[in-house]
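Some notes on the structure that comes next.
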Amino acid sequence: MNALARPLTHTPSAENLWERMLDCLRQDKRDYALGWIGRMQPLEVREGVLVLGVPDRFYRDWVDDHYRALMEATLAKVTNEATSLAYEVVEGLAPAPTLQPAPQVKSAGGARPPRLNARFTFQSFVVADSNQLAAAAAHAVAESPGRAYNPLYVYGGTGLGKTHLLHAIGNKIWERDPTQRVVYLSSEQFTNEYIESVREQRMPEFRRKFRDECDVLLIDDVQFLGRKEETQREFFHTFNTLHELGKAIILTSDMVPAEVPGLEERLRSRFSMGLITDIQEPSFETRVAILQKKAALEGLDLPDEVAHFIARAIQKNVRELEGALVKVSAIHSLSRQPVTVDFVSHVLKDVLPTRQVVDVESIQREVARYYKVPVEALKEDRRHKALAHARQVAMYLSRKLTKGSFPEIAARFNKDHSTVISAVRKVEKLRETDAGVKRELDELESKLVGE
Ligand SMILES: Nc1ncnc2c1ncn2[C@@H]1O[C@H](COP(=O)(O)OP(=O)(O)OP(=O)(O)O)[C@@H](O)[C@H]1O
């Protein structure tokens with residue numbers, strides 16, 4: 001890999017190959033990767049290696065870490081002309097996109113509707129107990145818009161996936177039929193557009209957009225319509241027109257219609273005509289599943305232990321969960337440090353709530369109860385096998401959860417520090433190799449840190 005900057009030139013075969021690769025990624029629904037991959041430039045094919053221009057070394061490392069496997073697999077699919085990749089830094093290429101690109105890709109039917117985020121799809125949404133009904137209803141609406149549940153009203157706390165589902169419906173409808181005119185906006189944007197149209201005397205245009213040229217209306221955060229009488233009046237007529245024409249209306253909010261302050265009664269009853277469904281806070285298992293899915297999309301290898309750690313620390317809000325992961329992913333790719341619990345707790349120290357304080361005594365008590373052995377026996381020398389295992393686990397957890405020094409921990413077990421060091425190493429190894437031990441440790445940790 002040559003890191004020296006060079007001016008940009010292309011060879012036709014590299015360009016052609018590149019176009020085929022990008023098409024293949026789109027067809028395979030890998031749009032999420034295009035934000036990064038699509039900004040590189042094909043330079044040449046040199047002895048079976050496709051050389052790509054990148055703006056800088058950070059970009060190169062990031063793409064290489066996250067997308068090399070995907071790019072090579074795609075290359076193999078579209079050609080046997082090149083089987084590997086290399087990068088060259090090219091002066092003046094556009095800088096890196098933000099860590100969560102939302103690329104606007106084209107389909108046969110034209111550009112994705114404005115404001116619809118290609119990243120929010122049903123495929124990238126983790127369905128679990130907390131959102132099962134909302135997700136099923138969203139699927140039903142995407143399958144037969146205007147016929148199933150009209151309107152669909154999804155409510156729930158902040159950062160729990162309402163907007164994601166709304167976009168997923170819009171994306172699915174549009175992908176299946178790009179002639180469908182999908183209009184997505186928040187109720188605040190609706191209000192602003194309305195006010196502007198009144199001011200600039202463009203109401204016929206406004207009405208055409210929302211009543212005549214709209215097959216699917218997706219409105220986020222309808223609670224902001226509260227107390228805006230004129231906008232509500234306009235929205236009421238928009239709603240009625242669309243509903244009568246059998247056009248799909250999907251709404252999200254952070255509360256049920258009856259609780260939205262200042263919402264007119266007639267809108268409340270309209271919003272309740274179809275299906276009202278909620279999204280609840282995700283369970284621990286759901287949070288882990290979301291982290292794993294997002295990590296896979298980012299191309300980040302996230303050990304279970306680390307996913308559990310993050311999911312235990314961030315409990316209420318999926319947006320924060322995602323933010324934590326993006327941060328870990330970025331710093332990992334820059335620093336190349338392995339993704340361990342220690343690394344993550346350091347990277348996220350400003351975002352994570354301070355961990356519940358666990359002391360060696362409570363660990364000893366919990367471990368003794370778990371393995372059904374007397375607490376005192378953990379501090380003695382008896383070498384009975386089950387006892388030795390429980391003692392080593394207690395030492396390992398003491399080290400991990402209290403961050404005490406080896407001599408400090410050793411003193412609580414009446415041992416010397418080398419015994420604690422070897423116990424910690426042994427249990428670390430078992431955690432990697434023995435699924436039974438791993439489960440025991442996960443359960444104990446959950447009990448101790450309050451999940
Ligand atoms: N079940 C899920 N699977 C995958 N990602 C999810 C899930 N739930 C939420 N997210 C992600 O969490 C982030 C926040 O979700 P979203 O923006 O949809 O929240 P929201 O409920 O609309 O919040 P707000 O009320 O604050 O607008 C998004 O990036 C979304 O992709």
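Identifiers for the structure tokens are assigned positionally: chains receive A, B, ... in sequence, residues are indexed from 1 per chain, and ligands are indexed from 1 in the order shown.
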
- Query: Which residues form the shell of 7 Å around ligand 1 when you count only C-alpha atoms and all ligand atoms, given as a PyMOL selection string?
  - Reply: chain A and resi 120+124-127+131+156-165+221+253-254+290+318-319+322

Near segment 146-151 of chain A, 9 Å: segment 226-320 of chain A residue rows, closest pairs, only C-alpha atoms, as JSON lines:
```
{"residue": "A:His243", "atom": "CA", "partner": "A:Asn150", "partner_atom": "CA", "distance": 7.5}
{"residue": "A:Leu245", "atom": "CA", "partner": "A:Gly146", "partner_atom": "CA", "distance": 8.6}
{"residue": "A:Gly246", "atom": "CA", "partner": "A:Gly146", "partner_atom": "CA", "distance": 5.0}
{"residue": "A:Lys247", "atom": "CA", "partner": "A:Gly146", "partner_atom": "CA", "distance": 4.7}
{"residue": "A:Ala248", "atom": "CA", "partner": "A:Gly146", "partner_atom": "CA", "distance": 3.9}
{"residue": "A:Ile249", "atom": "CA", "partner": "A:Pro151", "partner_atom": "CA", "distance": 4.8}
{"residue": "A:Ile250", "atom": "CA", "partner": "A:Pro151", "partner_atom": "CA", "distance": 5.4}
{"residue": "A:Leu251", "atom": "CA", "partner": "A:Pro151", "partner_atom": "CA", "distance": 7.2}
{"residue": "A:Arg270", "atom": "CA", "partner": "A:Pro151", "partner_atom": "CA", "distance": 8.1}
{"residue": "A:Phe271", "atom": "CA", "partner": "A:Pro151", "partner_atom": "CA", "distance": 6.5}
{"residue": "A:Ser272", "atom": "CA", "partner": "A:Pro151", "partner_atom": "CA", "distance": 7.7}
{"residue": "A:Met273", "atom": "CA", "partner": "A:Pro151", "partner_atom": "CA", "distance": 6.7}
{"residue": "A:Gly274", "atom": "CA", "partner": "A:Asn150", "partner_atom": "CA", "distance": 4.6}
{"residue": "A:Leu275", "atom": "CA", "partner": "A:Tyr149", "partner_atom": "CA", "distance": 5.4}
{"residue": "A:Ile276", "atom": "CA", "partner": "A:Pro151", "partner_atom": "CA", "distance": 8.4}
```

Grab the residues selected above and save them as a PDB file, in the first residue's frame with N, CA and C atoms.
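The resulting file, again_23.pdb, is reproduced below:
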```pdb
ATOM      1  N   HIS A 243     -57.621  10.092   3.814  1.00  0.00           N
ATOM      2  CA  HIS A 243     -58.311   8.918   4.353  1.00  0.00           C
ATOM      3  C   HIS A 243     -59.443   8.494   3.429  1.00  0.00           C
ATOM      4  N   LEU A 245     -59.613   8.935   0.322  1.00  0.00           N
ATOM      5  CA  LEU A 245     -59.050   8.371  -0.918  1.00  0.00           C
ATOM      6  C   LEU A 245     -58.369   7.029  -0.675  1.00  0.00           C
ATOM      7  N   GLY A 246     -58.367   6.589   0.570  1.00  0.00           N
ATOM      8  CA  GLY A 246     -57.730   5.301   0.888  1.00  0.00           C
ATOM      9  C   GLY A 246     -56.209   5.382   0.878  1.00  0.00           C
ATOM     10  N   LYS A 247     -55.668   6.576   1.104  1.00  0.00           N
ATOM     11  CA  LYS A 247     -54.203   6.727   1.171  1.00  0.00           C
ATOM     12  C   LYS A 247     -53.744   6.439   2.599  1.00  0.00           C
ATOM     13  N   ALA A 248     -52.553   5.863   2.703  1.00  0.00           N
ATOM     14  CA  ALA A 248     -52.078   5.444   4.029  1.00  0.00           C
ATOM     15  C   ALA A 248     -51.562   6.621   4.847  1.00  0.00           C
ATOM     16  N   ILE A 249     -51.930   6.631   6.121  1.00  0.00           N
ATOM     17  CA  ILE A 249     -51.437   7.672   7.037  1.00  0.00           C
ATOM     18  C   ILE A 249     -50.819   6.962   8.242  1.00  0.00           C
ATOM     19  N   ILE A 250     -49.582   7.313   8.532  1.00  0.00           N
ATOM     20  CA  ILE A 250     -48.907   6.694   9.673  1.00  0.00           C
ATOM     21  C   ILE A 250     -48.346   7.815  10.537  1.00  0.00           C
ATOM     22  N   LEU A 251     -48.609   7.721  11.828  1.00  0.00           N
ATOM     23  CA  LEU A 251     -48.245   8.808  12.739  1.00  0.00           C
ATOM     24  C   LEU A 251     -47.432   8.255  13.902  1.00  0.00           C
ATOM     25  N   ARG A 270     -59.914  11.074  15.155  1.00  0.00           N
ATOM     26  CA  ARG A 270     -59.383  10.581  13.866  1.00  0.00           C
ATOM     27  C   ARG A 270     -58.147   9.707  14.106  1.00  0.00           C
ATOM     28  N   PHE A 271     -57.271  10.164  14.990  1.00  0.00           N
ATOM     29  CA  PHE A 271     -56.019   9.423  15.234  1.00  0.00           C
ATOM     30  C   PHE A 271     -56.296   8.050  15.856  1.00  0.00           C
ATOM     31  N   SER A 272     -57.477   7.935  16.460  1.00  0.00           N
ATOM     32  CA  SER A 272     -57.788   6.663  17.127  1.00  0.00           C
ATOM     33  C   SER A 272     -58.604   5.730  16.241  1.00  0.00           C
ATOM     34  N   MET A 273     -58.836   6.128  14.993  1.00  0.00           N
ATOM     35  CA  MET A 273     -59.715   5.342  14.116  1.00  0.00           C
ATOM     36  C   MET A 273     -59.093   4.031  13.650  1.00  0.00           C
ATOM     37  N   GLY A 274     -57.796   4.006  13.517  1.00  0.00           N
ATOM     38  CA  GLY A 274     -57.134   2.805  12.989  1.00  0.00           C
ATOM     39  C   GLY A 274     -56.592   1.963  14.117  1.00  0.00           C
ATOM     40  N   LEU A 275     -55.296   1.920  14.229  1.00  0.00           N
ATOM     41  CA  LEU A 275     -54.680   1.129  15.300  1.00  0.00           C
ATOM     42  C   LEU A 275     -53.698   2.005  16.068  1.00  0.00           C
ATOM     43  N   ILE A 276     -53.806   1.949  17.391  1.00  0.00           N
ATOM     44  CA  ILE A 276     -52.824   2.642  18.237  1.00  0.00           C
ATOM     45  C   ILE A 276     -51.956   1.570  18.876  1.00  0.00           C
TER      46      ILE A 276
END
```

- Task: Assign secondary structure with DSSP using the backbone only, and return the residues of segment 240-381 of chain A in strand (DSSP E or B) as JSON, numbers by chain.
- Result: {"A": [248, 249, 250, 251, 252, 253, 275, 276, 277, 278, 279]}

Quick one: write out the picked residues with C-alpha atoms as a compact mmCIF listing (two decimals), in the first residue's frame?
```
# COMPACT_ATOMS: atom_id res chain seq x y z
CA ALA A 248 -52.08 5.44 4.03
CA ILE A 249 -51.44 7.67 7.04
CA ILE A 250 -48.91 6.69 9.67
CA LEU A 251 -48.25 8.81 12.74
CA THR A 252 -45.82 8.66 15.63
CA SER A 253 -45.92 10.42 18.96
CA LEU A 275 -54.68 1.13 15.30
CA ILE A 276 -52.82 2.64 18.24
CA THR A 277 -49.78 0.66 19.29
CA ASP A 278 -46.84 1.36 21.54
CA ILE A 279 -43.12 0.67 21.73
```

- Where in segment 220-387 of chain A does DSSP assign helix (DSSP H, G or I), given as a PyMOL selection string? chain A and resi 222-225+229-244+257-259+265-271+284-298+304-313+318-335+341-347+360-371+375-379+385-387

- Between A:Tyr371, A:Phe235, A:Trp62, A:Tyr155, which one has atoms that come closest to Ile331 of chain A, using only C-alpha atoms? A:Trp62

- Item | Top pick for closest residue to Leu441 of chain A, considering A:Ser422, A:Ser398, A:Thr238, A:Gln292 and counting only C-alpha atoms |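 When distances to Leu441 of chain A are compared using only C-alpha atoms, the smallest one comes from A:Ser398.
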
- Quick one: everything within 8 Å of segment 375-380 of chain A, counting only C-alpha atoms, minus sequence neighbours fewer than 3 positions away in the same chain. Send it as a list in words.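 The residues that qualify are Gln364, Arg365, Ala368, Arg369, Leu387, Ala388, Ala390, Arg391, Arg412, Phe413, Asn414 and Lys415 of chain A.
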